[in-house]
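> To be precise about what I am sending: the file is called query.cif and holds mmCIF, C-alpha atoms.
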```
data_target
loop_
_atom_site.group_PDB
_atom_site.id
_atom_site.type_symbol
_atom_site.label_atom_id
_atom_site.label_comp_id
_atom_site.auth_asym_id
_atom_site.auth_seq_id
_atom_site.Cartn_x
_atom_site.Cartn_y
_atom_site.Cartn_z
ATOM 1 C CA MET A 1 -12.139 54.274 -17.194
ATOM 2 C CA LYS A 2 -11.268 57.210 -14.930
ATOM 3 C CA GLN A 3 -7.910 58.894 -15.272
ATOM 4 C CA THR A 4 -5.826 58.841 -12.140
ATOM 5 C CA PHE A 5 -4.049 61.940 -10.911
ATOM 6 C CA ALA A 6 -0.655 60.427 -11.695
ATOM 7 C CA GLY A 7 -1.979 59.234 -15.063
ATOM 8 C CA LEU A 8 -1.637 62.641 -16.748
ATOM 9 C CA THR A 9 0.712 62.617 -19.674
ATOM 10 C CA LEU A 10 3.699 64.931 -19.846
ATOM 11 C CA GLY A 11 2.268 66.339 -23.057
ATOM 12 C CA ALA A 12 -0.799 67.644 -21.234
ATOM 13 C CA LEU A 13 1.454 69.576 -18.853
ATOM 14 C CA LEU A 14 3.295 71.334 -21.685
ATOM 15 C CA PHE A 15 0.252 73.186 -23.021
ATOM 16 C CA ALA A 16 -1.423 76.269 -21.549
ATOM 17 C CA ALA A 17 -4.797 74.783 -22.530
ATOM 18 C CA PRO A 18 -6.997 73.201 -19.862
ATOM 19 C CA VAL A 19 -5.542 70.127 -18.164
ATOM 20 C CA TYR A 20 -7.888 67.286 -17.309
ATOM 21 C CA ALA A 21 -7.165 65.034 -14.360
ATOM 22 C CA GLN A 22 -8.786 62.979 -11.674
ATOM 23 C CA VAL A 23 -7.696 65.106 -8.741
ATOM 24 C CA VAL A 24 -10.497 64.764 -6.251
ATOM 25 C CA ASP A 25 -11.792 61.219 -6.498
ATOM 26 C CA SER A 26 -15.321 61.605 -5.246
ATOM 27 C CA GLY A 27 -16.429 58.495 -7.124
ATOM 28 C CA SER A 28 -20.157 58.499 -7.692
ATOM 29 C CA HIS A 29 -21.018 61.085 -5.083
ATOM 30 C CA ASP A 30 -24.715 61.209 -4.184
ATOM 31 C CA THR A 31 -25.760 64.876 -4.327
ATOM 32 C CA SER A 32 -29.131 64.002 -2.780
ATOM 33 C CA LEU A 33 -27.524 63.293 0.621
ATOM 34 C CA PRO A 34 -28.294 65.765 3.428
ATOM 35 C CA ILE A 35 -26.030 68.821 3.697
ATOM 36 C CA ALA A 36 -24.944 69.712 7.263
ATOM 37 C CA ILE A 37 -23.579 73.226 7.903
ATOM 38 C CA THR A 38 -21.996 74.661 11.074
ATOM 39 C CA ALA A 39 -20.573 78.167 11.631
ATOM 40 C CA ASP A 40 -19.997 80.884 14.249
ATOM 41 C CA ALA A 41 -22.989 82.953 13.066
ATOM 42 C CA MET A 42 -25.859 82.798 10.579
ATOM 43 C CA GLU A 43 -28.159 85.353 8.954
ATOM 44 C CA VAL A 44 -31.282 84.431 6.968
ATOM 45 C CA GLU A 45 -32.621 86.677 4.200
ATOM 46 C CA GLN A 46 -36.038 85.117 3.654
ATOM 47 C CA GLU A 47 -37.062 87.419 0.816
ATOM 48 C CA SER A 48 -33.983 86.573 -1.272
ATOM 49 C CA GLN A 49 -34.071 82.913 -0.116
ATOM 50 C CA ARG A 50 -30.524 82.725 1.132
ATOM 51 C CA ALA A 51 -28.690 82.062 4.354
ATOM 52 C CA ILE A 52 -25.281 83.527 5.156
ATOM 53 C CA PHE A 53 -22.938 81.608 7.454
ATOM 54 C CA LEU A 54 -19.960 83.462 8.935
ATOM 55 C CA GLY A 55 -16.816 82.281 10.722
ATOM 56 C CA ALA A 56 -15.267 78.790 10.748
ATOM 57 C CA VAL A 57 -17.835 77.437 8.304
ATOM 58 C CA ASP A 58 -17.891 73.660 7.899
ATOM 59 C CA VAL A 59 -20.118 71.824 5.398
ATOM 60 C CA GLU A 60 -20.499 68.055 5.109
ATOM 61 C CA GLN A 61 -22.346 65.935 2.564
ATOM 62 C CA GLY A 62 -21.572 62.239 2.820
ATOM 63 C CA ASP A 63 -17.790 61.864 2.817
ATOM 64 C CA LEU A 64 -17.206 65.285 1.219
ATOM 65 C CA ARG A 65 -16.258 68.276 3.355
ATOM 66 C CA LEU A 66 -16.080 71.991 2.530
ATOM 67 C CA LYS A 67 -14.555 74.669 4.819
ATOM 68 C CA ALA A 68 -14.432 78.457 4.434
ATOM 69 C CA ASP A 69 -14.616 81.795 6.264
ATOM 70 C CA GLU A 70 -17.986 82.729 4.740
ATOM 71 C CA LEU A 71 -20.679 80.732 3.011
ATOM 72 C CA ILE A 72 -23.902 81.748 1.291
ATOM 73 C CA VAL A 73 -26.574 79.090 0.763
ATOM 74 C CA TYR A 74 -29.248 79.663 -1.876
ATOM 75 C CA TYR A 75 -32.439 77.659 -1.389
ATOM 76 C CA ARG A 76 -35.806 77.202 -3.039
ATOM 77 C CA ASP A 77 -39.086 77.951 -1.339
ATOM 78 C CA LYS A 78 -41.260 74.965 -0.484
ATOM 79 C CA GLU A 79 -43.681 75.573 -3.373
ATOM 80 C CA ALA A 80 -40.923 75.660 -6.022
ATOM 81 C CA GLN A 81 -38.731 73.014 -4.390
ATOM 82 C CA ASP A 82 -37.614 70.120 -6.564
ATOM 83 C CA ASP A 83 -35.330 67.428 -5.154
ATOM 84 C CA ASN A 84 -32.958 69.733 -3.243
ATOM 85 C CA ALA A 85 -33.998 72.743 -1.181
ATOM 86 C CA ILE A 86 -30.362 73.950 -1.367
ATOM 87 C CA TYR A 87 -29.267 74.432 -4.975
ATOM 88 C CA ARG A 88 -26.119 76.595 -4.714
ATOM 89 C CA ILE A 89 -23.419 77.263 -2.137
ATOM 90 C CA GLU A 90 -20.866 80.084 -2.511
ATOM 91 C CA VAL A 91 -17.787 80.177 -0.271
ATOM 92 C CA THR A 92 -15.027 82.738 0.264
ATOM 93 C CA GLY A 93 -11.855 82.890 2.322
ATOM 94 C CA ASN A 94 -9.600 79.905 3.126
ATOM 95 C CA VAL A 95 -11.705 77.552 1.008
ATOM 96 C CA THR A 96 -10.866 73.855 1.382
ATOM 97 C CA PHE A 97 -12.740 70.994 -0.250
ATOM 98 C CA ALA A 98 -11.817 67.489 0.894
ATOM 99 C CA ALA A 99 -12.755 64.006 -0.202
ATOM 100 C CA PRO A 100 -11.122 60.841 1.101
ATOM 101 C CA ASN A 101 -7.422 60.953 0.103
ATOM 102 C CA GLU A 102 -7.536 64.288 -1.800
ATOM 103 C CA THR A 103 -7.910 68.014 -1.092
ATOM 104 C CA ALA A 104 -8.569 71.136 -3.140
ATOM 105 C CA LYS A 105 -7.929 74.698 -1.907
ATOM 106 C CA GLY A 106 -8.685 78.116 -3.361
ATOM 107 C CA ASP A 107 -9.761 81.690 -2.604
ATOM 108 C CA ILE A 108 -13.416 81.323 -3.598
ATOM 109 C CA GLY A 109 -15.686 78.455 -4.544
ATOM 110 C CA VAL A 110 -19.132 77.582 -5.859
ATOM 111 C CA TYR A 111 -20.881 74.272 -5.247
ATOM 112 C CA ASP A 112 -23.696 73.827 -7.784
ATOM 113 C CA VAL A 113 -25.736 71.111 -6.073
ATOM 114 C CA ASP A 114 -28.127 70.549 -9.000
ATOM 115 C CA VAL A 115 -25.321 70.045 -11.535
ATOM 116 C CA GLY A 116 -22.966 68.323 -9.078
ATOM 117 C CA THR A 117 -19.919 70.531 -9.661
ATOM 118 C CA ILE A 118 -17.544 72.427 -7.411
ATOM 119 C CA THR A 119 -15.605 75.312 -8.962
ATOM 120 C CA LEU A 120 -12.638 76.788 -7.096
ATOM 121 C CA SER A 121 -10.944 80.001 -8.232
ATOM 122 C CA GLY A 122 -7.845 81.914 -7.210
ATOM 123 C CA ASN A 123 -4.614 80.282 -6.021
ATOM 124 C CA VAL A 124 -5.972 76.782 -6.540
ATOM 125 C CA VAL A 125 -3.934 73.896 -5.113
ATOM 126 C CA LEU A 126 -5.051 70.305 -5.640
ATOM 127 C CA THR A 127 -3.309 67.476 -3.793
ATOM 128 C CA SER A 128 -3.472 63.698 -3.852
ATOM 129 C CA GLY A 129 -0.771 62.100 -1.727
ATOM 130 C CA ASP A 130 2.529 63.698 -2.807
ATOM 131 C CA ASN A 131 1.050 64.801 -6.157
ATOM 132 C CA VAL A 132 0.178 68.507 -6.544
ATOM 133 C CA ILE A 133 -1.458 70.617 -9.270
ATOM 134 C CA ARG A 134 -1.581 74.436 -9.116
ATOM 135 C CA GLY A 135 -3.714 76.707 -11.244
ATOM 136 C CA ASN A 136 -6.171 79.566 -11.159
ATOM 137 C CA GLU A 137 -9.405 77.568 -11.539
ATOM 138 C CA ALA A 138 -10.484 73.985 -10.904
ATOM 139 C CA ILE A 139 -13.810 72.424 -11.788
ATOM 140 C CA MET A 140 -14.685 69.108 -10.137
ATOM 141 C CA HIS A 141 -17.565 67.039 -11.526
ATOM 142 C CA LEU A 142 -18.719 65.017 -8.531
ATOM 143 C CA GLU A 143 -20.791 62.401 -10.332
ATOM 144 C CA THR A 144 -18.227 61.521 -12.995
ATOM 145 C CA GLY A 145 -15.095 62.090 -10.900
ATOM 146 C CA LYS A 146 -13.583 64.220 -13.704
ATOM 147 C CA SER A 147 -11.625 67.347 -12.761
ATOM 148 C CA GLU A 148 -10.355 70.206 -14.911
ATOM 149 C CA VAL A 149 -7.643 72.740 -14.032
ATOM 150 C CA ARG A 150 -7.112 75.987 -15.949
ATOM 151 C CA GLY A 151 -4.807 79.000 -15.942
ATOM 152 C CA GLY A 152 -1.623 79.121 -13.936
ATOM 153 C CA ALA A 153 -1.469 80.630 -10.474
ATOM 154 C CA GLY A 154 1.603 82.699 -11.410
ATOM 155 C CA GLY A 155 -0.318 84.801 -13.936
ATOM 156 C CA ASP A 156 1.449 83.197 -16.925
ATOM 157 C CA GLY A 157 -1.626 81.137 -17.841
ATOM 158 C CA ARG A 158 0.069 77.782 -17.311
ATOM 159 C CA VAL A 159 -0.869 74.970 -14.973
ATOM 160 C CA GLU A 160 1.864 73.501 -12.754
ATOM 161 C CA GLY A 161 1.973 69.848 -11.756
ATOM 162 C CA LEU A 162 4.224 67.643 -9.659
ATOM 163 C CA PHE A 163 3.643 63.897 -9.990
ATOM 164 C CA VAL A 164 5.496 61.481 -7.729
ATOM 165 C CA PRO A 165 5.650 57.830 -8.885
ATOM 166 C CA ASP A 166 4.256 55.264 -6.467
ATOM 167 C CA LYS A 167 7.321 53.365 -5.226
ATOM 168 C CA SER A 168 5.273 50.540 -3.683
ATOM 169 C CA GLU A 169 4.193 49.277 -7.135
ATOM 170 C CA GLU A 170 7.803 49.310 -8.421
ATOM 171 C CA GLU A 171 9.163 47.445 -5.390
ATOM 172 C CA GLY A 172 6.670 44.615 -5.866
ATOM 173 C CA THR A 173 7.845 43.934 -9.458
ATOM 174 C CA GLU A 174 11.483 43.110 -8.675
#
```
Would you write out, as structure tokens, the structure that this file holds?

Amino acid sequence: MKQTFAGLTLGALLFAAPVYAQVVDSGSHDTSLPIAITADAMEVEQESQRAIFLGAVDVEQGDLRLKADELIVYYRDKEAQDDNAIYRIEVTGNVTFAAPNETAKGDIGVYDVDVGTITLSGNVVLTSGDNVIRGNEAIMHLETGKSEVRGGAGGDGRVEGLFVPDKSEEEGTE
């Protein structure tokens, strides 16, 4: 059973150790879906097998969306290509990752397509409704829906969380 964002225990918040939570509920995201990328400009470095997208970068794969100022796509050549031509995406500047109902923001990010993880670093803010978690690093496992947040944004090594109870469930029990 997946943990919900609000399902974190108070005890987990009191430790500086990693905090595990379901922050971005991507469900069973299919990493084999096509990846669409738009930007203001693009440069291709064929020899190093990468493409650099600059300015208002927007990436979509299924119902997941990634935005940033700059994005570098690493791809395999046709002879070495397995299932995905694109195997890694690095983003910098105003990074925002969004799934239905949740968002994750940070300074830099890496989407490892083969493994199915997104790692955000620097001033990380994860939101789900009114619930918010802040830290220095977040790792989201797209296939399992598990997320991990580490190190506080304030430099003290602690993760901050604000969890707002769902009033609609309480009102229905009276």
> Using only C-alpha atoms, find the one residue out of A:Gly122, A:Gly116, A:Pro100, A:Gly135 that sits nearest to Gly161 in chain A.
A:Gly135
> List the residues matched by the PyMOL selection byres ((chain A and resi 48) around 12) in the displayed structure as number ranges by chain, ordered by chain and then by residue number.
A: 43-47, 49-52, 72-77
> Work out how far CA of Val110 in chain A is from CA of Leu71 in chain A, in Å to one decimal.
9.5 Å
> Please evaluate the PyMOL selection byres ((chain A and resi 121) around 10) against the structure above and give the resulting residues as a VMD selection string.
chain A and resid 92 95 105 to 110 119 to 120 122 to 125 135 to 139 149 to 151 153
> So the first atom is CA of Val115 in chain A and the second is CA of Gln61 in chain A; what is the distance between them in Å, to one decimal place?
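Going from CA of Val115 in chain A over to CA of Gln61 in chain A covers 15.0 Å.
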> Grab all the atoms of range 64-67 of chain A that the file lists, wrap them in a box along x, y and z, add 8 Å per side, and give me centre plus edge lengths in Å (one decimal) as AutoDock Vina command-line options.

```
--center_x -15.9 --center_y 70.0 --center_z 3.0 --size_x 18.7 --size_y 25.4 --size_z 19.6
```
> In Å, how far is it from CA of Phe97 in chain A to CA of Asp156 in chain A?
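Computed distance, CA of Phe97 in chain A to CA of Asp156 in chain A, equals 25.1 Å.
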> Considering all atoms listed in the file, can you say which of A:Ser147, A:Glu60, A:Thr117, A:Glu160 comes closest to Ile133 in chain A?
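Smallest distance to Ile133 in chain A is found for A:Glu160.
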> Compare A:Gly145, A:Gly62, A:Gly93, A:Pro165 by their minimum atom-to-atom distance to Gly129 in chain A, counting all atoms listed in the file, and give me the closest one.
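So, comparing all the options, the nearest one is A:Pro165.
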> For the provided coordinates, the residues matched by the PyMOL selection byres ((chain A and resi 103) around 6) should be stated as a PyMOL selection string.
chain A and resi 97-98+102+104+126-127
